[in-house]
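What follows is my_file_37.pdb (PDB, C-alpha atoms, pLDDT in the B column).
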```
MODEL        1
ATOM      1  CA  MET A   1     144.083  33.291-123.067  1.00 85.00           C
ATOM      2  CA  GLU A   2     142.657  34.120-126.456  1.00 92.00           C
ATOM      3  CA  VAL A   3     143.451  36.884-128.986  1.00 95.00           C
ATOM      4  CA  LYS A   4     140.461  38.954-130.108  1.00 96.00           C
ATOM      5  CA  GLY A   5     140.531  41.633-132.810  1.00 97.00           C
ATOM      6  CA  TYR A   6     138.091  44.556-133.098  1.00 98.00           C
ATOM      7  CA  VAL A   7     137.826  47.280-135.734  1.00 98.00           C
ATOM      8  CA  GLU A   8     137.652  50.987-134.930  1.00 97.00           C
ATOM      9  CA  GLY A   9     134.266  51.900-133.478  1.00 96.00           C
ATOM     10  CA  GLN A  10     133.272  48.319-132.643  1.00 97.00           C
ATOM     11  CA  THR A  11     131.748  47.721-129.208  1.00 97.00           C
ATOM     12  CA  ILE A  12     133.755  45.347-127.007  1.00 97.00           C
ATOM     13  CA  PHE A  13     131.201  45.275-124.200  1.00 97.00           C
ATOM     14  CA  GLU A  14     128.341  47.419-122.935  1.00 96.00           C
ATOM     15  CA  VAL A  15     127.462  48.753-119.498  1.00 94.00           C
ATOM     16  CA  GLY A  16     125.145  46.362-117.644  1.00 94.00           C
ATOM     17  CA  GLU A  17     126.283  43.197-119.396  1.00 96.00           C
ATOM     18  CA  THR A  18     127.425  40.146-117.455  1.00 95.00           C
ATOM     19  CA  ALA A  19     131.218  40.053-117.139  1.00 94.00           C
ATOM     20  CA  ASP A  20     132.776  36.960-118.705  1.00 93.00           C
ATOM     21  CA  GLY A  21     136.433  37.984-118.525  1.00 95.00           C
ATOM     22  CA  LEU A  22     139.072  40.711-118.562  1.00 95.00           C
ATOM     23  CA  PHE A  23     141.071  42.157-121.467  1.00 96.00           C
ATOM     24  CA  ILE A  24     144.716  43.164-121.904  1.00 95.00           C
ATOM     25  CA  ILE A  25     145.421  45.528-124.816  1.00 96.00           C
ATOM     26  CA  SER A  26     147.998  43.986-127.120  1.00 95.00           C
ATOM     27  CA  SER A  27     147.911  46.748-129.776  1.00 97.00           C
ATOM     28  CA  GLY A  28     145.781  49.818-130.499  1.00 97.00           C
ATOM     29  CA  GLU A  29     143.543  51.872-128.221  1.00 98.00           C
ATOM     30  CA  VAL A  30     140.155  51.397-126.583  1.00 97.00           C
ATOM     31  CA  GLY A  31     137.756  54.042-125.294  1.00 97.00           C
ATOM     32  CA  ILE A  32     135.875  53.840-121.991  1.00 95.00           C
ATOM     33  CA  TYR A  33     132.391  55.420-122.045  1.00 95.00           C
ATOM     34  CA  PHE A  34     130.819  55.933-118.627  1.00 91.00           C
ATOM     35  CA  PRO A  35     127.001  55.657-118.386  1.00 90.00           C
ATOM     36  CA  GLY A  36     126.373  59.443-118.784  1.00 90.00           C
ATOM     37  CA  ASN A  37     128.339  59.657-122.037  1.00 92.00           C
ATOM     38  CA  ARG A  38     125.986  59.536-125.076  1.00 90.00           C
ATOM     39  CA  SER A  39     128.756  59.947-127.644  1.00 90.00           C
ATOM     40  CA  VAL A  40     129.961  56.979-129.697  1.00 87.00           C
ATOM     41  CA  SER A  41     133.437  58.301-130.514  1.00 90.00           C
ATOM     42  CA  LYS A  42     134.466  60.632-127.641  1.00 95.00           C
ATOM     43  CA  PRO A  43     135.361  58.352-124.733  1.00 95.00           C
ATOM     44  CA  ASP A  44     135.919  59.532-121.153  1.00 93.00           C
ATOM     45  CA  ILE A  45     139.209  57.635-120.964  1.00 92.00           C
ATOM     46  CA  ILE A  46     141.471  56.108-123.607  1.00 96.00           C
ATOM     47  CA  LEU A  47     143.518  53.017-122.736  1.00 95.00           C
ATOM     48  CA  LYS A  48     146.586  51.850-124.660  1.00 96.00           C
ATOM     49  CA  GLU A  49     148.873  48.864-125.145  1.00 95.00           C
ATOM     50  CA  THR A  50     149.521  46.714-122.034  1.00 91.00           C
ATOM     51  CA  GLN A  51     146.653  48.308-120.081  1.00 93.00           C
ATOM     52  CA  ILE A  52     143.963  46.096-118.574  1.00 94.00           C
ATOM     53  CA  PHE A  53     140.190  46.598-118.448  1.00 94.00           C
ATOM     54  CA  GLY A  54     137.178  44.597-117.337  1.00 93.00           C
ATOM     55  CA  GLU A  55     138.923  43.297-114.222  1.00 91.00           C
ATOM     56  CA  MET A  56     136.252  44.320-111.689  1.00 86.00           C
ATOM     57  CA  GLY A  57     133.733  42.045-113.360  1.00 85.00           C
ATOM     58  CA  VAL A  58     135.911  38.983-112.936  1.00 89.00           C
ATOM     59  CA  ILE A  59     136.977  39.777-109.369  1.00 88.00           C
ATOM     60  CA  ASP A  60     133.546  40.714-108.042  1.00 82.00           C
ATOM     61  CA  SER A  61     131.106  39.229-110.540  1.00 82.00           C
ATOM     62  CA  GLN A  62     129.760  42.769-110.968  1.00 83.00           C
ATOM     63  CA  LEU A  63     127.964  43.733-114.171  1.00 90.00           C
ATOM     64  CA  ARG A  64     130.000  45.880-116.597  1.00 92.00           C
ATOM     65  CA  MET A  65     130.214  49.426-115.230  1.00 88.00           C
ATOM     66  CA  ALA A  66     131.007  51.152-118.546  1.00 92.00           C
ATOM     67  CA  THR A  67     130.828  50.607-122.293  1.00 96.00           C
ATOM     68  CA  ILE A  68     134.098  49.907-124.097  1.00 97.00           C
ATOM     69  CA  ARG A  69     134.630  50.551-127.826  1.00 97.00           C
ATOM     70  CA  ALA A  70     137.660  50.071-130.043  1.00 98.00           C
ATOM     71  CA  HIS A  71     139.115  53.588-130.506  1.00 97.00           C
ATOM     72  CA  THR A  72     141.414  52.328-133.260  1.00 97.00           C
ATOM     73  CA  ASN A  73     141.690  48.816-134.652  1.00 98.00           C
ATOM     74  CA  VAL A  74     142.791  46.790-131.627  1.00 98.00           C
ATOM     75  CA  ASN A  75     144.091  43.392-130.674  1.00 97.00           C
ATOM     76  CA  LEU A  76     143.193  42.217-127.209  1.00 97.00           C
ATOM     77  CA  LEU A  77     144.161  39.270-125.056  1.00 96.00           C
ATOM     78  CA  PHE A  78     141.032  37.914-123.437  1.00 96.00           C
ATOM     79  CA  VAL A  79     141.308  36.125-120.076  1.00 95.00           C
ATOM     80  CA  SER A  80     138.030  34.375-119.267  1.00 95.00           C
ATOM     81  CA  LYS A  81     136.590  34.465-115.754  1.00 94.00           C
ATOM     82  CA  GLU A  82     137.335  30.718-115.503  1.00 94.00           C
ATOM     83  CA  ASP A  83     141.001  31.239-116.484  1.00 95.00           C
ATOM     84  CA  PHE A  84     141.315  34.134-114.075  1.00 94.00           C
ATOM     85  CA  ASP A  85     139.751  32.172-111.211  1.00 94.00           C
ATOM     86  CA  LYS A  86     142.184  29.341-111.898  1.00 95.00           C
ATOM     87  CA  LYS A  87     145.195  31.694-111.869  1.00 94.00           C
ATOM     88  CA  LEU A  88     143.902  33.251-108.674  1.00 93.00           C
ATOM     89  CA  SER A  89     143.396  29.882-106.979  1.00 93.00           C
ATOM     90  CA  GLU A  90     147.013  28.998-107.825  1.00 94.00           C
ATOM     91  CA  ALA A  91     148.364  32.304-106.477  1.00 94.00           C
ATOM     92  CA  ASP A  92     149.945  32.699-103.070  1.00 93.00           C
ATOM     93  CA  ILE A  93     147.447  33.299-100.246  1.00 92.00           C
ATOM     94  CA  VAL A  94     148.951  36.743 -99.514  1.00 93.00           C
ATOM     95  CA  ILE A  95     148.544  37.766-103.166  1.00 94.00           C
ATOM     96  CA  ARG A  96     144.924  36.555-103.110  1.00 93.00           C
ATOM     97  CA  GLY A  97     144.306  38.493 -99.905  1.00 92.00           C
ATOM     98  CA  VAL A  98     145.766  41.662-101.387  1.00 93.00           C
ATOM     99  CA  ILE A  99     143.558  41.419-104.490  1.00 93.00           C
ATOM    100  CA  ALA A 100     140.511  40.911-102.250  1.00 90.00           C
ATOM    101  CA  ILE A 101     141.316  43.909-100.043  1.00 90.00           C
ATOM    102  CA  LEU A 102     142.113  46.207-102.977  1.00 90.00           C
ATOM    103  CA  SER A 103     138.881  45.354-104.762  1.00 88.00           C
ATOM    104  CA  ASP A 104     136.893  45.783-101.518  1.00 86.00           C
ATOM    105  CA  ARG A 105     138.348  49.265-100.957  1.00 84.00           C
ATOM    106  CA  LEU A 106     137.786  50.223-104.577  1.00 84.00           C
ATOM    107  CA  ARG A 107     134.165  49.136-104.399  1.00 80.00           C
ATOM    108  CA  GLN A 108     133.637  51.127-101.179  1.00 81.00           C
ATOM    109  CA  LEU A 109     135.215  54.266-102.694  1.00 78.00           C
ATOM    110  CA  GLN A 110     133.195  53.931-105.892  1.00 72.00           C
ATOM    111  CA  LYS A 111     129.969  53.816-103.870  1.00 70.00           C
ATOM    112  CA  LYS A 112     130.734  57.239-102.328  1.00 63.00           C
TER     113      LYS A 112
ATOM    114  CA  MET B   1     156.323  35.624 -92.766  1.00 85.00           C
ATOM    115  CA  GLU B   2     156.772  36.447 -89.120  1.00 92.00           C
ATOM    116  CA  VAL B   3     154.340  36.454 -86.166  1.00 95.00           C
ATOM    117  CA  LYS B   4     154.232  39.702 -84.199  1.00 96.00           C
ATOM    118  CA  GLY B   5     152.262  40.258 -80.993  1.00 97.00           C
ATOM    119  CA  TYR B   6     151.029  43.636 -79.701  1.00 98.00           C
ATOM    120  CA  VAL B   7     149.194  44.525 -76.497  1.00 98.00           C
ATOM    121  CA  GLU B   8     145.987  46.584 -76.394  1.00 97.00           C
ATOM    122  CA  GLY B   9     146.734  50.243 -77.123  1.00 96.00           C
ATOM    123  CA  GLN B  10     150.173  49.613 -78.600  1.00 97.00           C
ATOM    124  CA  THR B  11     151.010  51.438 -81.838  1.00 97.00           C
ATOM    125  CA  ILE B  12     151.733  49.141 -84.784  1.00 97.00           C
ATOM    126  CA  PHE B  13     152.714  51.947 -87.160  1.00 97.00           C
ATOM    127  CA  GLU B  14     152.148  55.683 -87.489  1.00 96.00           C
ATOM    128  CA  VAL B  15     151.004  57.855 -90.375  1.00 94.00           C
ATOM    129  CA  GLY B  16     153.980  59.170 -92.383  1.00 94.00           C
ATOM    130  CA  GLU B  17     156.325  56.289 -91.587  1.00 96.00           C
ATOM    131  CA  THR B  18     158.105  54.351 -94.301  1.00 95.00           C
ATOM    132  CA  ALA B  19     156.232  51.130 -95.159  1.00 94.00           C
ATOM    133  CA  ASP B  20     158.289  47.994 -94.611  1.00 93.00           C
ATOM    134  CA  GLY B  21     155.556  45.390 -95.024  1.00 95.00           C
ATOM    135  CA  LEU B  22     151.903  44.400 -94.720  1.00 95.00           C
ATOM    136  CA  PHE B  23     150.043  42.686 -91.872  1.00 96.00           C
ATOM    137  CA  ILE B  24     147.405  39.946 -91.718  1.00 95.00           C
ATOM    138  CA  ILE B  25     145.415  39.765 -88.476  1.00 96.00           C
ATOM    139  CA  SER B  26     145.740  36.316 -86.953  1.00 95.00           C
ATOM    140  CA  SER B  27     143.771  37.049 -83.745  1.00 97.00           C
ATOM    141  CA  GLY B  28     142.323  40.148 -82.048  1.00 97.00           C
ATOM    142  CA  GLU B  29     141.385  43.545 -83.465  1.00 98.00           C
ATOM    143  CA  VAL B  30     143.291  46.589 -84.679  1.00 97.00           C
ATOM    144  CA  GLY B  31     142.073  50.185 -84.978  1.00 97.00           C
ATOM    145  CA  ILE B  32     142.752  52.467 -87.959  1.00 95.00           C
ATOM    146  CA  TYR B  33     143.158  56.159 -87.060  1.00 95.00           C
ATOM    147  CA  PHE B  34     143.046  58.548 -90.021  1.00 91.00           C
ATOM    148  CA  PRO B  35     145.165  61.715 -89.775  1.00 90.00           C
ATOM    149  CA  GLY B  36     142.332  63.944 -88.426  1.00 90.00           C
ATOM    150  CA  ASN B  37     141.582  61.584 -85.519  1.00 92.00           C
ATOM    151  CA  ARG B  38     143.273  62.827 -82.288  1.00 90.00           C
ATOM    152  CA  SER B  39     141.881  60.049 -80.086  1.00 90.00           C
ATOM    153  CA  VAL B  40     144.069  57.155 -78.999  1.00 87.00           C
ATOM    154  CA  SER B  41     141.298  54.626 -78.378  1.00 90.00           C
ATOM    155  CA  LYS B  42     138.400  55.515 -80.750  1.00 95.00           C
ATOM    156  CA  PRO B  43     139.513  54.358 -84.195  1.00 95.00           C
ATOM    157  CA  ASP B  44     137.758  55.273 -87.455  1.00 94.00           C
ATOM    158  CA  ILE B  45     137.691  51.636 -88.526  1.00 92.00           C
ATOM    159  CA  ILE B  46     138.204  48.356 -86.661  1.00 96.00           C
ATOM    160  CA  LEU B  47     139.705  45.375 -88.487  1.00 95.00           C
ATOM    161  CA  LYS B  48     139.391  41.772 -87.326  1.00 96.00           C
ATOM    162  CA  GLU B  49     140.847  38.313 -87.859  1.00 95.00           C
ATOM    163  CA  THR B  50     141.966  37.479 -91.438  1.00 91.00           C
ATOM    164  CA  GLN B  51     141.780  41.115 -92.559  1.00 93.00           C
ATOM    165  CA  ILE B  52     144.843  42.739 -94.158  1.00 94.00           C
ATOM    166  CA  PHE B  53     146.282  46.223 -93.644  1.00 94.00           C
ATOM    167  CA  GLY B  54     149.381  48.122 -94.744  1.00 93.00           C
ATOM    168  CA  GLU B  55     149.191  46.762 -98.304  1.00 91.00           C
ATOM    169  CA  MET B  56     149.336  50.118-100.138  1.00 86.00           C
ATOM    170  CA  GLY B  57     152.768  50.813 -98.704  1.00 85.00           C
ATOM    171  CA  VAL B  58     154.225  47.619-100.113  1.00 89.00           C
ATOM    172  CA  ILE B  59     152.524  47.899-103.510  1.00 88.00           C
ATOM    173  CA  ASP B  60     153.290  51.580-104.115  1.00 82.00           C
ATOM    174  CA  SER B  61     156.112  52.396-101.705  1.00 82.00           C
ATOM    175  CA  GLN B  62     153.814  55.097-100.305  1.00 83.00           C
ATOM    176  CA  LEU B  63     154.317  56.328 -96.751  1.00 90.00           C
ATOM    177  CA  ARG B  64     151.806  55.028 -94.183  1.00 92.00           C
ATOM    178  CA  MET B  65     148.469  56.817 -94.703  1.00 88.00           C
ATOM    179  CA  ALA B  66     147.039  56.172 -91.217  1.00 92.00           C
ATOM    180  CA  THR B  67     148.094  55.187 -87.720  1.00 96.00           C
ATOM    181  CA  ILE B  68     147.277  51.653 -86.590  1.00 97.00           C
ATOM    182  CA  ARG B  69     146.961  50.628 -82.933  1.00 97.00           C
ATOM    183  CA  ALA B  70     146.138  47.292 -81.322  1.00 98.00           C
ATOM    184  CA  HIS B  71     142.458  47.593 -80.278  1.00 97.00           C
ATOM    185  CA  THR B  72     142.732  44.398 -78.229  1.00 97.00           C
ATOM    186  CA  ASN B  73     145.784  42.194 -77.717  1.00 98.00           C
ATOM    187  CA  VAL B  74     146.561  41.016 -81.250  1.00 98.00           C
ATOM    188  CA  ASN B  75     148.696  38.541 -83.123  1.00 97.00           C
ATOM    189  CA  LEU B  76     149.680  39.577 -86.621  1.00 97.00           C
ATOM    190  CA  LEU B  77     151.429  37.859 -89.495  1.00 96.00           C
ATOM    191  CA  PHE B  78     153.939  40.287 -90.931  1.00 96.00           C
ATOM    192  CA  VAL B  79     154.877  40.006 -94.631  1.00 95.00           C
ATOM    193  CA  SER B  80     157.935  42.180 -95.363  1.00 95.00           C
ATOM    194  CA  LYS B  81     158.122  44.277 -98.533  1.00 94.00           C
ATOM    195  CA  GLU B  82     160.900  41.947 -99.740  1.00 94.00           C
ATOM    196  CA  ASP B  83     158.760  38.831 -99.166  1.00 95.00           C
ATOM    197  CA  PHE B  84     155.796  40.477-100.870  1.00 94.00           C
ATOM    198  CA  ASP B  85     157.880  41.570-103.884  1.00 94.00           C
ATOM    199  CA  LYS B  86     159.173  38.016-104.196  1.00 95.00           C
ATOM    200  CA  LYS B  87     155.641  36.555-104.079  1.00 94.00           C
ATOM    201  CA  LEU B  88     154.517  39.121-106.647  1.00 93.00           C
ATOM    202  CA  SER B  89     157.431  38.373-108.990  1.00 93.00           C
ATOM    203  CA  GLU B  90     156.478  34.676-108.864  1.00 94.00           C
ATOM    204  CA  ALA B  91     152.802  35.378-109.573  1.00 94.00           C
ATOM    205  CA  ASP B  92     151.191  34.997-112.995  1.00 94.00           C
ATOM    206  CA  ILE B  93     151.548  38.072-115.229  1.00 92.00           C
ATOM    207  CA  VAL B  94     147.754  38.561-115.334  1.00 93.00           C
ATOM    208  CA  ILE B  95     147.592  38.532-111.528  1.00 94.00           C
ATOM    209  CA  ARG B  96     150.435  41.080-111.364  1.00 93.00           C
ATOM    210  CA  GLY B  97     148.669  43.260-113.931  1.00 92.00           C
ATOM    211  CA  VAL B  98     145.415  43.136-111.970  1.00 93.00           C
ATOM    212  CA  ILE B  99     147.149  44.190-108.737  1.00 93.00           C
ATOM    213  CA  ALA B 100     148.818  47.073-110.607  1.00 90.00           C
ATOM    214  CA  ILE B 101     145.549  48.292-112.139  1.00 90.00           C
ATOM    215  CA  LEU B 102     143.587  48.008-108.879  1.00 90.00           C
ATOM    216  CA  SER B 103     146.197  49.962-106.926  1.00 88.00           C
ATOM    217  CA  ASP B 104     146.380  52.618-109.684  1.00 86.00           C
ATOM    218  CA  ARG B 105     142.608  53.120-109.610  1.00 84.00           C
ATOM    219  CA  LEU B 106     142.560  53.198-105.813  1.00 84.00           C
ATOM    220  CA  ARG B 107     145.292  55.841-105.753  1.00 80.00           C
ATOM    221  CA  GLN B 108     143.403  57.965-108.321  1.00 81.00           C
ATOM    222  CA  LEU B 109     140.135  57.721-106.348  1.00 78.00           C
ATOM    223  CA  GLN B 110     141.882  58.537-103.065  1.00 72.00           C
ATOM    224  CA  LYS B 111     143.331  61.722-104.594  1.00 70.00           C
ATOM    225  CA  LYS B 112     139.818  63.021-105.371  1.00 63.00           C
TER     226      LYS B 112
ENDMDL
END
```

Here is the file; what I need is its structure written in the form of structure tokens.
Amino acid sequence: MEVKGYVEGQTIFEVGETADGLFIISSGEVGIYFPGNRSVSKPDIILKETQIFGEMGVIDSQLRMATIRAHTNVNLLFVSKEDFDKKLSEADIVIRGVIAILSDRLRQLQKK
Amino acid sequence: MEVKGYVEGQTIFEVGETADGLFIISSGEVGIYFPGNRSVSKPDIILKETQIFGEMGVIDSQLRMATIRAHTNVNLLFVSKEDFDKKLSEADIVIRGVIAILSDRLRQLQKK
């Protein structure tokens, strides 16, 4: 895990990029901008401390589905795809199965 | 974990029941019947070997959202809510966070 700091307004990742890891918010707020949103400061969703984003990319190797910008100055914990895969491979088989089934169902619902 | 056997047509659990655990299919097929389905042998979805069901009940303590019947004779591995909670408490914090976020998003999408 690695700490990454961003200043207000800075882009953390953009829709369509390759996913290299997930983020846990350590302090501050980030804004999620879905593809239809042309604004640069009015996000669709605001996430706060302890919330996670970017997880679908590491589970599924999907491209980023939204753009994320720092809504305030933020500190994030970055978990690379490699680190995540290692944690997952060390997890109990039932836990791995549950993550697989949840992400499958989520993907199916998002397609609808 | 415990092995449980069911014969074709037997009910494994019914919609609205309290969830006491999740199931992994070891052999055979099970049928998922959503609440609108009045049939007893034409499921909405068929699950096969290695697939998991009943996981939302153990993650969220939700009541069962569908009825499940054995579509053929089946052998299931049953993981009780207590066993699952123990596995989860032993899992890495990132893995726990990812399960929490996936189940949150799934619940939000299912409400829509």

**Q.** Evaluate the PyMOL selection byres ((chain B) within 12 of (chain A)) and report residues as a ChimeraX atom specification
**A.** /B:1,21-25,47,50-59,77-81,83-112

Just to be explicit: take each residue in the selection above, keep C-alpha atoms, and write the result as a tab-separated table (two decimals), in the coordinates of the input.
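Generated file (result.tsv):
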```
chain	number	residue	atom	x	y	z
B	1	MET	CA	156.32	35.62	-92.77
B	21	GLY	CA	155.56	45.39	-95.02
B	22	LEU	CA	151.90	44.40	-94.72
B	23	PHE	CA	150.04	42.69	-91.87
B	24	ILE	CA	147.40	39.95	-91.72
B	25	ILE	CA	145.42	39.76	-88.48
B	47	LEU	CA	139.71	45.38	-88.49
B	50	THR	CA	141.97	37.48	-91.44
B	51	GLN	CA	141.78	41.12	-92.56
B	52	ILE	CA	144.84	42.74	-94.16
B	53	PHE	CA	146.28	46.22	-93.64
B	54	GLY	CA	149.38	48.12	-94.74
B	55	GLU	CA	149.19	46.76	-98.30
B	56	MET	CA	149.34	50.12	-100.14
B	57	GLY	CA	152.77	50.81	-98.70
B	58	VAL	CA	154.22	47.62	-100.11
B	59	ILE	CA	152.52	47.90	-103.51
B	77	LEU	CA	151.43	37.86	-89.50
B	78	PHE	CA	153.94	40.29	-90.93
B	79	VAL	CA	154.88	40.01	-94.63
B	80	SER	CA	157.94	42.18	-95.36
B	81	LYS	CA	158.12	44.28	-98.53
B	83	ASP	CA	158.76	38.83	-99.17
B	84	PHE	CA	155.80	40.48	-100.87
B	85	ASP	CA	157.88	41.57	-103.88
B	86	LYS	CA	159.17	38.02	-104.20
B	87	LYS	CA	155.64	36.56	-104.08
B	88	LEU	CA	154.52	39.12	-106.65
B	89	SER	CA	157.43	38.37	-108.99
B	90	GLU	CA	156.48	34.68	-108.86
B	91	ALA	CA	152.80	35.38	-109.57
B	92	ASP	CA	151.19	35.00	-113.00
B	93	ILE	CA	151.55	38.07	-115.23
B	94	VAL	CA	147.75	38.56	-115.33
B	95	ILE	CA	147.59	38.53	-111.53
B	96	ARG	CA	150.44	41.08	-111.36
B	97	GLY	CA	148.67	43.26	-113.93
B	98	VAL	CA	145.42	43.14	-111.97
B	99	ILE	CA	147.15	44.19	-108.74
B	100	ALA	CA	148.82	47.07	-110.61
B	101	ILE	CA	145.55	48.29	-112.14
B	102	LEU	CA	143.59	48.01	-108.88
B	103	SER	CA	146.20	49.96	-106.93
B	104	ASP	CA	146.38	52.62	-109.68
B	105	ARG	CA	142.61	53.12	-109.61
B	106	LEU	CA	142.56	53.20	-105.81
B	107	ARG	CA	145.29	55.84	-105.75
B	108	GLN	CA	143.40	57.96	-108.32
B	109	LEU	CA	140.14	57.72	-106.35
B	110	GLN	CA	141.88	58.54	-103.06
B	111	LYS	CA	143.33	61.72	-104.59
B	112	LYS	CA	139.82	63.02	-105.37
```

Q. At a cut-off of 10 Å from (136.8, 47.3, -132.3) in the coordinates of the file, what residues are picked up using all atoms listed in the file, written as a VMD selection string?
A. chain A and resid 4 to 12 28 to 31 68 to 76

For the residues in that selection, give me C-alpha atoms as a PDB file, in the coordinates of the input.
```
ATOM      1  CA  LYS A   4     140.461  38.954-130.108  1.00 96.00           C
ATOM      2  CA  GLY A   5     140.531  41.633-132.810  1.00 97.00           C
ATOM      3  CA  TYR A   6     138.091  44.556-133.098  1.00 98.00           C
ATOM      4  CA  VAL A   7     137.826  47.280-135.734  1.00 98.00           C
ATOM      5  CA  GLU A   8     137.652  50.987-134.930  1.00 97.00           C
ATOM      6  CA  GLY A   9     134.266  51.900-133.478  1.00 96.00           C
ATOM      7  CA  GLN A  10     133.272  48.319-132.643  1.00 97.00           C
ATOM      8  CA  THR A  11     131.748  47.721-129.208  1.00 97.00           C
ATOM      9  CA  ILE A  12     133.755  45.347-127.007  1.00 97.00           C
ATOM     10  CA  GLY A  28     145.781  49.818-130.499  1.00 97.00           C
ATOM     11  CA  GLU A  29     143.543  51.872-128.221  1.00 98.00           C
ATOM     12  CA  VAL A  30     140.155  51.397-126.583  1.00 97.00           C
ATOM     13  CA  GLY A  31     137.756  54.042-125.294  1.00 97.00           C
ATOM     14  CA  ILE A  68     134.098  49.907-124.097  1.00 97.00           C
ATOM     15  CA  ARG A  69     134.630  50.551-127.826  1.00 97.00           C
ATOM     16  CA  ALA A  70     137.660  50.071-130.043  1.00 98.00           C
ATOM     17  CA  HIS A  71     139.115  53.588-130.506  1.00 97.00           C
ATOM     18  CA  THR A  72     141.414  52.328-133.260  1.00 97.00           C
ATOM     19  CA  ASN A  73     141.690  48.816-134.652  1.00 98.00           C
ATOM     20  CA  VAL A  74     142.791  46.790-131.627  1.00 98.00           C
ATOM     21  CA  ASN A  75     144.091  43.392-130.674  1.00 97.00           C
ATOM     22  CA  LEU A  76     143.193  42.217-127.209  1.00 97.00           C
TER      23      LEU A  76
END
```

Adding 4 Å on each side of the box along x, y and z that holds all listed atoms of stretch 15-33 of chain A, could you give its centre and edge lengths in Å to one decimal, as AutoDock Vina command-line options?
```
--center_x 136.6 --center_y 46.2 --center_z -123.8 --size_x 30.9 --size_y 26.5 --size_z 21.4
```

Q | Point-to-point distance from atom CA of A:Pro43 to atom CA of A:Arg64, Å rounded to tenths | A | 15.8 Å

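For A:Met65, the non-local neighbours within 7 Å, defined as residues at least 2 positions apart in the same chain or in other chains and counting only C-alpha atoms, are Val15, Gly16 and Leu63 of chain A.
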
Q: Mind giving me the straight-line distance from atom CA of B:Pro35 to atom CA of B:Glu14 in Å, one decimal?
A: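 Distance reported for this atom pair: 9.5 Å.
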
Q: Please evaluate the PyMOL selection byres ((chain B and resi 33) around 6) against the structure above and give the resulting residues as a VMD selection string.
A: chain B and resid 32 34 37 43 to 44 66 to 67

Q. In Å, how far is it from atom CA of A:Gly36 to atom CA of A:Glu17?
A. 16.3 Å
